[in-house]
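Structure data (PDB, C-alpha atoms, pLDDT in the B column) from my_file30.pdb:
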```
ATOM      1  CA  MET A1453     117.633  85.954 129.019  1.00 54.00           C
ATOM      2  CA  SER A1454     117.696  86.754 125.356  1.00 50.00           C
ATOM      3  CA  ALA A1455     118.055  89.902 123.272  1.00 58.00           C
ATOM      4  CA  ASN A1456     114.280  90.045 122.752  1.00 66.00           C
ATOM      5  CA  ASN A1457     113.289  89.052 126.268  1.00 63.00           C
ATOM      6  CA  PRO A1458     115.037  90.533 129.319  1.00 69.00           C
ATOM      7  CA  GLU A1459     113.438  87.931 131.634  1.00 74.00           C
ATOM      8  CA  PRO A1460     115.413  84.798 132.572  1.00 73.00           C
ATOM      9  CA  THR A1461     114.479  81.658 130.682  1.00 68.00           C
ATOM     10  CA  PRO A1462     113.745  78.536 132.761  1.00 70.00           C
ATOM     11  CA  ILE A1463     116.464  75.936 132.310  1.00 64.00           C
ATOM     12  CA  SER A1464     113.832  73.279 131.544  1.00 60.00           C
ATOM     13  CA  SER A1465     112.761  75.321 128.522  1.00 59.00           C
ATOM     14  CA  SER A1466     116.354  75.602 127.333  1.00 54.00           C
ATOM     15  CA  ILE A1467     116.926  71.862 127.773  1.00 53.00           C
ATOM     16  CA  GLU A1468     113.737  71.078 125.870  1.00 55.00           C
ATOM     17  CA  LYS A1469     114.863  73.295 122.963  1.00 55.00           C
ATOM     18  CA  LEU A1470     118.301  71.701 122.978  1.00 49.00           C
ATOM     19  CA  LEU A1471     116.875  68.172 122.887  1.00 49.00           C
ATOM     20  CA  LYS A1472     114.559  69.062 120.017  1.00 51.00           C
ATOM     21  CA  SER A1473     117.435  70.625 118.086  1.00 45.00           C
ATOM     22  CA  LEU A1474     119.361  67.365 118.496  1.00 45.00           C
ATOM     23  CA  ARG A1475     116.321  65.447 117.211  1.00 47.00           C
ATOM     24  CA  GLY A1476     116.249  63.587 120.500  1.00 49.00           C
ATOM     25  CA  GLY A1477     112.607  64.066 121.261  1.00 54.00           C
ATOM     26  CA  ASP A1478     111.218  65.212 124.551  1.00 60.00           C
ATOM     27  CA  ARG A1479     113.000  65.398 127.886  1.00 69.00           C
ATOM     28  CA  LEU A1480     110.967  62.647 129.598  1.00 70.00           C
ATOM     29  CA  THR A1481     111.717  60.095 126.876  1.00 74.00           C
ATOM     30  CA  THR A1482     115.404  61.017 126.809  1.00 81.00           C
ATOM     31  CA  VAL A1483     115.720  60.812 130.595  1.00 79.00           C
ATOM     32  CA  THR A1484     113.865  57.503 130.629  1.00 78.00           C
ATOM     33  CA  VAL A1485     116.089  55.911 127.997  1.00 85.00           C
ATOM     34  CA  PHE A1486     119.471  57.191 129.128  1.00 89.00           C
ATOM     35  CA  GLY A1487     118.845  57.566 132.846  1.00 89.00           C
ATOM     36  CA  ARG A1488     117.132  54.236 133.455  1.00 89.00           C
ATOM     37  CA  TRP A1489     118.832  52.121 130.789  1.00 92.00           C
ATOM     38  CA  GLU A1490     120.191  49.378 133.078  1.00 93.00           C
ATOM     39  CA  GLU A1491     116.953  49.202 135.060  1.00 92.00           C
ATOM     40  CA  LEU A1492     114.847  48.859 131.903  1.00 90.00           C
ATOM     41  CA  VAL A1493     116.967  46.404 129.908  1.00 93.00           C
ATOM     42  CA  GLY A1494     118.586  44.498 132.751  1.00 94.00           C
ATOM     43  CA  GLU A1495     122.152  44.302 133.988  1.00 96.00           C
ATOM     44  CA  SER A1496     123.196  41.582 131.558  1.00 95.00           C
ATOM     45  CA  VAL A1497     122.075  43.514 128.449  1.00 96.00           C
ATOM     46  CA  ALA A1498     123.321  46.852 129.802  1.00 96.00           C
ATOM     47  CA  SER A1499     126.805  45.416 130.295  1.00 97.00           C
ATOM     48  CA  HIS A1500     127.055  44.794 126.510  1.00 97.00           C
ATOM     49  CA  VAL A1501     124.705  47.362 124.980  1.00 97.00           C
ATOM     50  CA  ARG A1502     124.526  51.113 125.505  1.00 96.00           C
ATOM     51  CA  PRO A1503     122.241  53.766 124.068  1.00 95.00           C
ATOM     52  CA  LEU A1504     124.019  56.273 121.832  1.00 93.00           C
ATOM     53  CA  LYS A1505     121.373  58.546 120.413  1.00 91.00           C
ATOM     54  CA  LEU A1506     117.635  58.999 120.275  1.00 88.00           C
ATOM     55  CA  ASP A1507     116.768  60.131 116.749  1.00 87.00           C
ATOM     56  CA  ASN A1508     113.035  60.834 116.684  1.00 85.00           C
ATOM     57  CA  ALA A1509     111.437  57.393 117.068  1.00 89.00           C
ATOM     58  CA  THR A1510     114.667  55.427 116.557  1.00 93.00           C
ATOM     59  CA  LEU A1511     117.037  54.557 119.359  1.00 93.00           C
ATOM     60  CA  ILE A1512     120.596  53.966 118.182  1.00 95.00           C
ATOM     61  CA  VAL A1513     122.449  51.515 120.403  1.00 96.00           C
ATOM     62  CA  GLU A1514     126.002  50.220 120.371  1.00 97.00           C
ATOM     63  CA  VAL A1515     126.902  46.616 121.176  1.00 97.00           C
ATOM     64  CA  ASP A1516     130.358  45.447 122.189  1.00 96.00           C
ATOM     65  CA  GLU A1517     130.328  42.192 120.184  1.00 95.00           C
ATOM     66  CA  PRO A1518     128.644  41.095 116.934  1.00 96.00           C
ATOM     67  CA  MET A1519     126.855  38.323 118.861  1.00 96.00           C
ATOM     68  CA  TRP A1520     125.048  41.024 120.849  1.00 96.00           C
ATOM     69  CA  ALA A1521     123.772  42.610 117.628  1.00 97.00           C
ATOM     70  CA  THR A1522     122.031  39.324 116.853  1.00 96.00           C
ATOM     71  CA  GLN A1523     120.796  39.004 120.432  1.00 96.00           C
ATOM     72  CA  MET A1524     119.339  42.530 120.345  1.00 96.00           C
ATOM     73  CA  LYS A1525     117.354  41.674 117.216  1.00 96.00           C
ATOM     74  CA  PHE A1526     115.710  38.854 119.194  1.00 96.00           C
ATOM     75  CA  LEU A1527     115.143  41.139 122.198  1.00 96.00           C
ATOM     76  CA  GLU A1528     114.056  44.208 120.226  1.00 96.00           C
ATOM     77  CA  ALA A1529     110.287  43.913 120.784  1.00 96.00           C
ATOM     78  CA  ASP A1530     110.709  43.339 124.522  1.00 95.00           C
ATOM     79  CA  VAL A1531     113.263  46.149 124.910  1.00 94.00           C
ATOM     80  CA  LEU A1532     111.036  48.591 123.000  1.00 95.00           C
ATOM     81  CA  LYS A1533     108.069  47.645 125.181  1.00 94.00           C
ATOM     82  CA  ARG A1534     110.067  48.295 128.362  1.00 91.00           C
ATOM     83  CA  LEU A1535     111.488  51.591 127.088  1.00 89.00           C
ATOM     84  CA  ASN A1536     108.085  52.846 126.022  1.00 89.00           C
ATOM     85  CA  GLU A1537     106.490  52.229 129.426  1.00 84.00           C
ATOM     86  CA  GLY A1538     107.974  55.461 130.779  1.00 72.00           C
ATOM     87  CA  ALA A1539     108.472  57.401 127.567  1.00 75.00           C
ATOM     88  CA  ALA A1540     106.300  60.311 126.535  1.00 75.00           C
ATOM     89  CA  ARG A1541     106.886  59.576 122.841  1.00 82.00           C
ATOM     90  CA  PRO A1542     107.047  56.061 121.446  1.00 89.00           C
ATOM     91  CA  ILE A1543     110.361  54.597 120.373  1.00 91.00           C
ATOM     92  CA  LYS A1544     109.526  52.465 117.354  1.00 94.00           C
ATOM     93  CA  THR A1545     112.811  50.948 116.244  1.00 95.00           C
ATOM     94  CA  LEU A1546     116.316  50.106 117.371  1.00 95.00           C
ATOM     95  CA  GLU A1547     119.294  50.748 115.140  1.00 97.00           C
ATOM     96  CA  ILE A1548     122.075  48.468 116.282  1.00 97.00           C
ATOM     97  CA  ARG A1549     125.748  49.258 115.721  1.00 96.00           C
ATOM     98  CA  VAL A1550     128.723  47.097 116.584  1.00 96.00           C
ATOM     99  CA  LYS A1551     131.495  48.959 118.395  1.00 94.00           C
ATOM    100  CA  LYS A1552     134.620  49.260 116.299  1.00 87.00           C
ATOM    101  CA  ARG A1553     137.663  47.585 117.758  1.00 79.00           C
ATOM    102  CA  ARG A1554     140.903  49.493 117.965  1.00 73.00           C
TER
END
```
This structure in structure tokens:
Amino acid sequence: MSANNPEPTPISSSIEKLLKSLRGGDRLTTVTVFGRWEELVGESVASHVRPLKLDNATLIVEVDEPMWATQMKFLEADVLKRLNEGAARPIKTLEIRVKKRR
């Protein structure tokens, strides 16, 4: 419900608005990337790389070691192809960040 509309708002509509406000794109793409990450990239990659944020057509990922940043550059085309198979909007690039050590 809102001040202008006394009828309940479907939760899917609210989630869609939230995702758009976060510049994350549509729900299907977000669910595909974050919900099926290990399945799409494989267990070995998923154990060292995790998705952080979907910013329009760029997926920001974090790697646990600098070597994995290099590896992801080699795998980028294949990873993007796999991610885009189930996405409603295309993901065009990966932005790779190395996790800071504490």
Given the PyMOL selection byres ((chain A and resi 1505) around 10) and the file above, list the residues it selects as a ChimeraX atom specification.
/A:1474-1476,1482,1485-1486,1502-1504,1506-1508,1510-1514,1547
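In this model, the gap between atom CA of A:Lys1544 and atom CA of A:Val1531 comes to 10.5 Å.
Using only C-alpha atoms, the smallest distance between any of A:Arg1534, A:Arg1554, A:Arg1541, A:Lys1525 and A:Gly1494 comes from A:Arg1534.
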Axis-aligned box over every listed atom of stretch 1498-1507 of chain A, padded by 5 Å per side: centre and edges in Å to one decimal, as AutoDock Vina command-line options?
```
--center_x 121.9 --center_y 52.5 --center_z 123.5 --size_x 20.3 --size_y 25.3 --size_z 23.5
```
Applying 9 Å and only C-alpha atoms, which residues near A:Ala1521 remain after dropping the ones on its own chain fewer than 6 positions away? List them as a PDB file with C-alpha atoms, in the coordinates of the input.
```
ATOM      1  CA  VAL A1501     124.705  47.362 124.980  1.00 97.00           C
ATOM      2  CA  GLU A1514     126.002  50.220 120.371  1.00 97.00           C
ATOM      3  CA  VAL A1515     126.902  46.616 121.176  1.00 97.00           C
ATOM      4  CA  ILE A1548     122.075  48.468 116.282  1.00 97.00           C
ATOM      5  CA  ARG A1549     125.748  49.258 115.721  1.00 96.00           C
ATOM      6  CA  VAL A1550     128.723  47.097 116.584  1.00 96.00           C
TER       7      VAL A1550
END
```
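Those residues that approach A:His1500 to within 8 Å, counting all atoms listed in the file, are Val1515, Asp1516, Glu1517 and Trp1520 of chain A; same-chain residues fewer than 6 positions away are not listed.
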Between atom CA of A:Leu1546 and atom CA of A:Met1524, what is the distance in Å, rounded to a tenth?
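Taking atom CA of A:Leu1546 and atom CA of A:Met1524, their separation equals 8.7 Å.
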Residues selected by the PyMOL selection byres ((chain A and resi 1532) around 9), written as JSON, numbers by chain
{"A": [1527, 1528, 1529, 1530, 1531, 1533, 1534, 1535, 1536, 1537, 1542, 1543, 1544, 1545, 1546]}
One decimal, in Å: what's the spacing between atom CA of A:Gly1538 and atom CA of A:Trp1489?
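Separation between atom CA of A:Gly1538 and atom CA of A:Trp1489: 11.4 Å.
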